[in-house]
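Text of entry.cif (mmCIF, C-alpha atoms) as supplied:
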```cif
data_input
loop_
_atom_site.group_PDB
_atom_site.id
_atom_site.type_symbol
_atom_site.label_atom_id
_atom_site.label_comp_id
_atom_site.auth_asym_id
_atom_site.auth_seq_id
_atom_site.Cartn_x
_atom_site.Cartn_y
_atom_site.Cartn_z
ATOM 1 C CA MET M 1 84.930 78.431 97.897
ATOM 2 C CA ARG M 2 84.806 81.605 95.820
ATOM 3 C CA THR M 3 87.562 84.235 95.550
ATOM 4 C CA TYR M 4 86.917 87.957 95.246
ATOM 5 C CA THR M 5 89.422 90.740 94.568
ATOM 6 C CA ALA M 6 89.198 93.929 96.592
ATOM 7 C CA VAL M 7 90.545 97.338 95.641
ATOM 8 C CA VAL M 8 92.239 99.015 98.611
ATOM 9 C CA GLU M 9 92.988 102.702 99.087
ATOM 10 C CA ARG M 10 93.963 104.869 102.035
ATOM 11 C CA ASP M 11 91.753 107.837 102.882
ATOM 12 C CA PRO M 12 94.103 110.805 103.375
ATOM 13 C CA ALA M 13 91.615 112.619 105.595
ATOM 14 C CA THR M 14 91.134 109.777 108.108
ATOM 15 C CA GLY M 15 94.160 107.546 107.487
ATOM 16 C CA LEU M 16 91.821 104.546 107.256
ATOM 17 C CA TYR M 17 92.177 101.819 104.659
ATOM 18 C CA VAL M 18 89.072 101.594 102.494
ATOM 19 C CA GLY M 19 88.278 98.601 100.328
ATOM 20 C CA HIS M 20 85.585 97.485 97.937
ATOM 21 C CA VAL M 21 84.957 94.562 95.589
ATOM 22 C CA PRO M 22 84.426 95.973 92.084
ATOM 23 C CA GLY M 23 80.984 95.264 90.693
ATOM 24 C CA PHE M 24 79.659 93.805 93.966
ATOM 25 C CA PRO M 25 77.089 96.252 95.408
ATOM 26 C CA GLY M 26 77.464 96.637 99.172
ATOM 27 C CA ALA M 27 80.843 94.880 99.333
ATOM 28 C CA HIS M 28 82.857 97.656 100.936
ATOM 29 C CA SER M 29 84.400 98.367 104.320
ATOM 30 C CA GLN M 30 87.226 100.156 106.101
ATOM 31 C CA GLY M 31 89.801 99.467 108.786
ATOM 32 C CA ALA M 32 92.628 101.090 110.715
ATOM 33 C CA THR M 33 95.056 98.387 109.509
ATOM 34 C CA LEU M 34 95.203 96.204 106.412
ATOM 35 C CA ASP M 35 94.491 93.151 108.577
ATOM 36 C CA GLU M 36 91.417 94.825 110.071
ATOM 37 C CA LEU M 37 90.202 95.850 106.615
ATOM 38 C CA HIS M 38 90.708 92.294 105.332
ATOM 39 C CA ALA M 39 88.684 90.818 108.206
ATOM 40 C CA ASN M 40 85.940 93.427 107.767
ATOM 41 C CA LEU M 41 85.691 92.789 104.008
ATOM 42 C CA GLU M 42 85.529 89.019 104.553
ATOM 43 C CA GLU M 43 82.698 89.501 107.042
ATOM 44 C CA VAL M 44 80.738 91.804 104.719
ATOM 45 C CA VAL M 45 81.132 89.547 101.677
ATOM 46 C CA ALA M 46 80.202 86.447 103.712
ATOM 47 C CA MET M 47 76.978 88.163 104.816
ATOM 48 C CA LEU M 48 76.176 89.279 101.272
ATOM 49 C CA VAL M 49 76.634 85.814 99.746
ATOM 50 C CA GLU M 50 74.296 84.260 102.335
ATOM 51 C CA ASP M 51 71.479 85.442 100.048
ATOM 52 C CA GLY M 52 73.025 83.575 97.102
ATOM 53 C CA GLU M 53 75.864 84.072 94.656
ATOM 54 C CA PRO M 54 75.916 87.674 93.403
ATOM 55 C CA SER M 55 75.721 88.685 89.791
ATOM 56 C CA LEU M 56 78.750 90.957 89.584
ATOM 57 C CA ASP M 57 78.378 94.210 87.632
ATOM 58 C CA ALA M 58 82.134 94.304 86.872
ATOM 59 C CA GLU M 59 85.278 92.193 87.211
ATOM 60 C CA PHE M 60 88.620 93.443 88.534
ATOM 61 C CA ILE M 61 91.290 93.034 85.864
ATOM 62 C CA GLY M 62 94.302 94.940 87.136
ATOM 63 C CA THR M 63 95.963 98.308 87.386
ATOM 64 C CA GLN M 64 97.844 100.481 84.917
ATOM 65 C CA THR M 65 100.585 103.028 85.538
ATOM 66 C CA LEU M 66 100.272 106.260 83.559
ATOM 67 C CA ARG M 67 103.242 108.539 82.872
ATOM 68 C CA ILE M 68 102.255 112.098 82.050
ATOM 69 C CA ALA M 69 104.903 114.586 80.957
#
```
Render the structure in this file as structure tokens.
Amino acid sequence: MRTYTAVVERDPATGLYVGHVPGFPGAHSQGATLDELHANLEEVVAMLVEDGEPSLDAEFIGTQTLRIA
């Protein structure tokens, strides 16, 4: 079993949650709820890995908070 990290944002225009796996081309989806987004991302990634383990272009490391005066 492989674990992937998704970045999740909310689209202010539609209110939908949008997620993607950094460095994994095609691994993106959206959903009206976080649970729906999670299920959609799992489905997309499962389909993509059917063709073999991807060579990721990037790896998610974390987030940083910036304070600007």
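With distances restricted to only C-alpha atoms, M:Val49 is the closest residue to Phe24 of chain M from M:Thr63, M:Glu43, M:Val49, M:Ile68.
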(request) Using atom CA of Ala6 of chain M and atom CA of Gly62 of chain M as the two end points, give the distance in Å to one decimal. (result)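 Taking atom CA of Ala6 of chain M and atom CA of Gly62 of chain M, their separation equals 10.8 Å.
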(request) Rounded to one decimal place, report the atom CA of Ala46 of chain M-atom CA of Gly15 of chain M distance in Å. (result)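 Going from atom CA of Ala46 of chain M over to atom CA of Gly15 of chain M, I get 25.6 Å.
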(request) Quick one: apply the PyMOL selection byres ((chain M and resi 17-23) around 10) to the file and drop the selected residues here as a PyMOL selection string. (result) chain M and resi 4-12+14-16+24-38+40-41+45+54-61
Please enclose the listed atoms of segment 1-12 of chain M in an axis-aligned box, pad each side by 5 Å, and write out the centre and the three edge lengths in Å, rounded to one decimal, as AutoDock Vina command-line options.
```
--center_x 89.5 --center_y 94.6 --center_z 99.0 --size_x 19.3 --size_y 42.4 --size_z 18.8
```
Rebuild segment 36-54 of chain M to N, CA, C and O atoms - output it as a PDB file, keeping the file's coordinate frame, please.
```pdb
ATOM      1  N   GLU M  36      92.784  94.509 109.645  1.00  0.00           N
ATOM      2  CA  GLU M  36      91.417  94.825 110.071  1.00  0.00           C
ATOM      3  C   GLU M  36      90.506  94.993 108.855  1.00  0.00           C
ATOM      4  O   GLU M  36      89.378  94.482 108.841  1.00  0.00           O
ATOM      5  N   LEU M  37      90.987  95.689 107.839  1.00  0.00           N
ATOM      6  CA  LEU M  37      90.202  95.850 106.615  1.00  0.00           C
ATOM      7  C   LEU M  37      89.901  94.494 105.998  1.00  0.00           C
ATOM      8  O   LEU M  37      88.766  94.225 105.607  1.00  0.00           O
ATOM      9  N   HIS M  38      90.894  93.625 105.914  1.00  0.00           N
ATOM     10  CA  HIS M  38      90.708  92.294 105.332  1.00  0.00           C
ATOM     11  C   HIS M  38      89.611  91.524 106.075  1.00  0.00           C
ATOM     12  O   HIS M  38      88.713  90.951 105.459  1.00  0.00           O
ATOM     13  N   ALA M  39      89.688  91.514 107.397  1.00  0.00           N
ATOM     14  CA  ALA M  39      88.684  90.818 108.206  1.00  0.00           C
ATOM     15  C   ALA M  39      87.300  91.426 108.008  1.00  0.00           C
ATOM     16  O   ALA M  39      86.304  90.702 107.881  1.00  0.00           O
ATOM     17  N   ASN M  40      87.224  92.749 107.955  1.00  0.00           N
ATOM     18  CA  ASN M  40      85.940  93.427 107.767  1.00  0.00           C
ATOM     19  C   ASN M  40      85.342  93.108 106.398  1.00  0.00           C
ATOM     20  O   ASN M  40      84.137  92.863 106.278  1.00  0.00           O
ATOM     21  N   LEU M  41      86.185  93.112 105.350  1.00  0.00           N
ATOM     22  CA  LEU M  41      85.691  92.789 104.008  1.00  0.00           C
ATOM     23  C   LEU M  41      85.215  91.345 103.931  1.00  0.00           C
ATOM     24  O   LEU M  41      84.175  91.054 103.323  1.00  0.00           O
ATOM     25  N   GLU M  42      85.962  90.421 104.545  1.00  0.00           N
ATOM     26  CA  GLU M  42      85.529  89.019 104.553  1.00  0.00           C
ATOM     27  C   GLU M  42      84.167  88.876 105.218  1.00  0.00           C
ATOM     28  O   GLU M  42      83.305  88.139 104.739  1.00  0.00           O
ATOM     29  N   GLU M  43      83.977  89.568 106.319  1.00  0.00           N
ATOM     30  CA  GLU M  43      82.698  89.501 107.042  1.00  0.00           C
ATOM     31  C   GLU M  43      81.553  90.047 106.188  1.00  0.00           C
ATOM     32  O   GLU M  43      80.482  89.431 106.096  1.00  0.00           O
ATOM     33  N   VAL M  44      81.774  91.183 105.546  1.00  0.00           N
ATOM     34  CA  VAL M  44      80.738  91.804 104.719  1.00  0.00           C
ATOM     35  C   VAL M  44      80.384  90.907 103.536  1.00  0.00           C
ATOM     36  O   VAL M  44      79.207  90.655 103.256  1.00  0.00           O
ATOM     37  N   VAL M  45      81.389  90.398 102.841  1.00  0.00           N
ATOM     38  CA  VAL M  45      81.132  89.547 101.677  1.00  0.00           C
ATOM     39  C   VAL M  45      80.441  88.255 102.105  1.00  0.00           C
ATOM     40  O   VAL M  45      79.507  87.797 101.444  1.00  0.00           O
ATOM     41  N   ALA M  46      80.851  87.667 103.218  1.00  0.00           N
ATOM     42  CA  ALA M  46      80.202  86.447 103.712  1.00  0.00           C
ATOM     43  C   ALA M  46      78.717  86.695 103.982  1.00  0.00           C
ATOM     44  O   ALA M  46      77.871  85.848 103.651  1.00  0.00           O
ATOM     45  N   MET M  47      78.387  87.837 104.559  1.00  0.00           N
ATOM     46  CA  MET M  47      76.978  88.163 104.816  1.00  0.00           C
ATOM     47  C   MET M  47      76.220  88.355 103.504  1.00  0.00           C
ATOM     48  O   MET M  47      75.084  87.899 103.368  1.00  0.00           O
ATOM     49  N   LEU M  48      76.855  89.022 102.544  1.00  0.00           N
ATOM     50  CA  LEU M  48      76.176  89.279 101.272  1.00  0.00           C
ATOM     51  C   LEU M  48      75.920  88.004 100.482  1.00  0.00           C
ATOM     52  O   LEU M  48      74.882  87.878  99.835  1.00  0.00           O
ATOM     53  N   VAL M  49      76.827  87.039 100.521  1.00  0.00           N
ATOM     54  CA  VAL M  49      76.634  85.814  99.746  1.00  0.00           C
ATOM     55  C   VAL M  49      75.687  84.828 100.431  1.00  0.00           C
ATOM     56  O   VAL M  49      75.312  83.828  99.826  1.00  0.00           O
ATOM     57  N   GLU M  50      75.297  85.103 101.672  1.00  0.00           N
ATOM     58  CA  GLU M  50      74.296  84.260 102.335  1.00  0.00           C
ATOM     59  C   GLU M  50      72.984  84.245 101.558  1.00  0.00           C
ATOM     60  O   GLU M  50      72.246  83.271 101.602  1.00  0.00           O
ATOM     61  N   ASP M  51      72.708  85.335 100.836  1.00  0.00           N
ATOM     62  CA  ASP M  51      71.479  85.442 100.048  1.00  0.00           C
ATOM     63  C   ASP M  51      71.628  84.816  98.663  1.00  0.00           C
ATOM     64  O   ASP M  51      70.739  84.927  97.834  1.00  0.00           O
ATOM     65  N   GLY M  52      72.783  84.190  98.402  1.00  0.00           N
ATOM     66  CA  GLY M  52      73.025  83.575  97.102  1.00  0.00           C
ATOM     67  C   GLY M  52      74.192  84.241  96.401  1.00  0.00           C
ATOM     68  O   GLY M  52      74.609  85.347  96.747  1.00  0.00           O
ATOM     69  N   GLU M  53      74.716  83.560  95.411  1.00  0.00           N
ATOM     70  CA  GLU M  53      75.864  84.072  94.656  1.00  0.00           C
ATOM     71  C   GLU M  53      75.473  85.344  93.912  1.00  0.00           C
ATOM     72  O   GLU M  53      74.466  85.370  93.211  1.00  0.00           O
ATOM     73  N   PRO M  54      76.267  86.411  94.053  1.00  0.00           N
ATOM     74  CA  PRO M  54      75.916  87.674  93.403  1.00  0.00           C
ATOM     75  C   PRO M  54      76.177  87.634  91.899  1.00  0.00           C
ATOM     76  O   PRO M  54      77.023  86.884  91.425  1.00  0.00           O
TER      77      PRO M  54
END
```
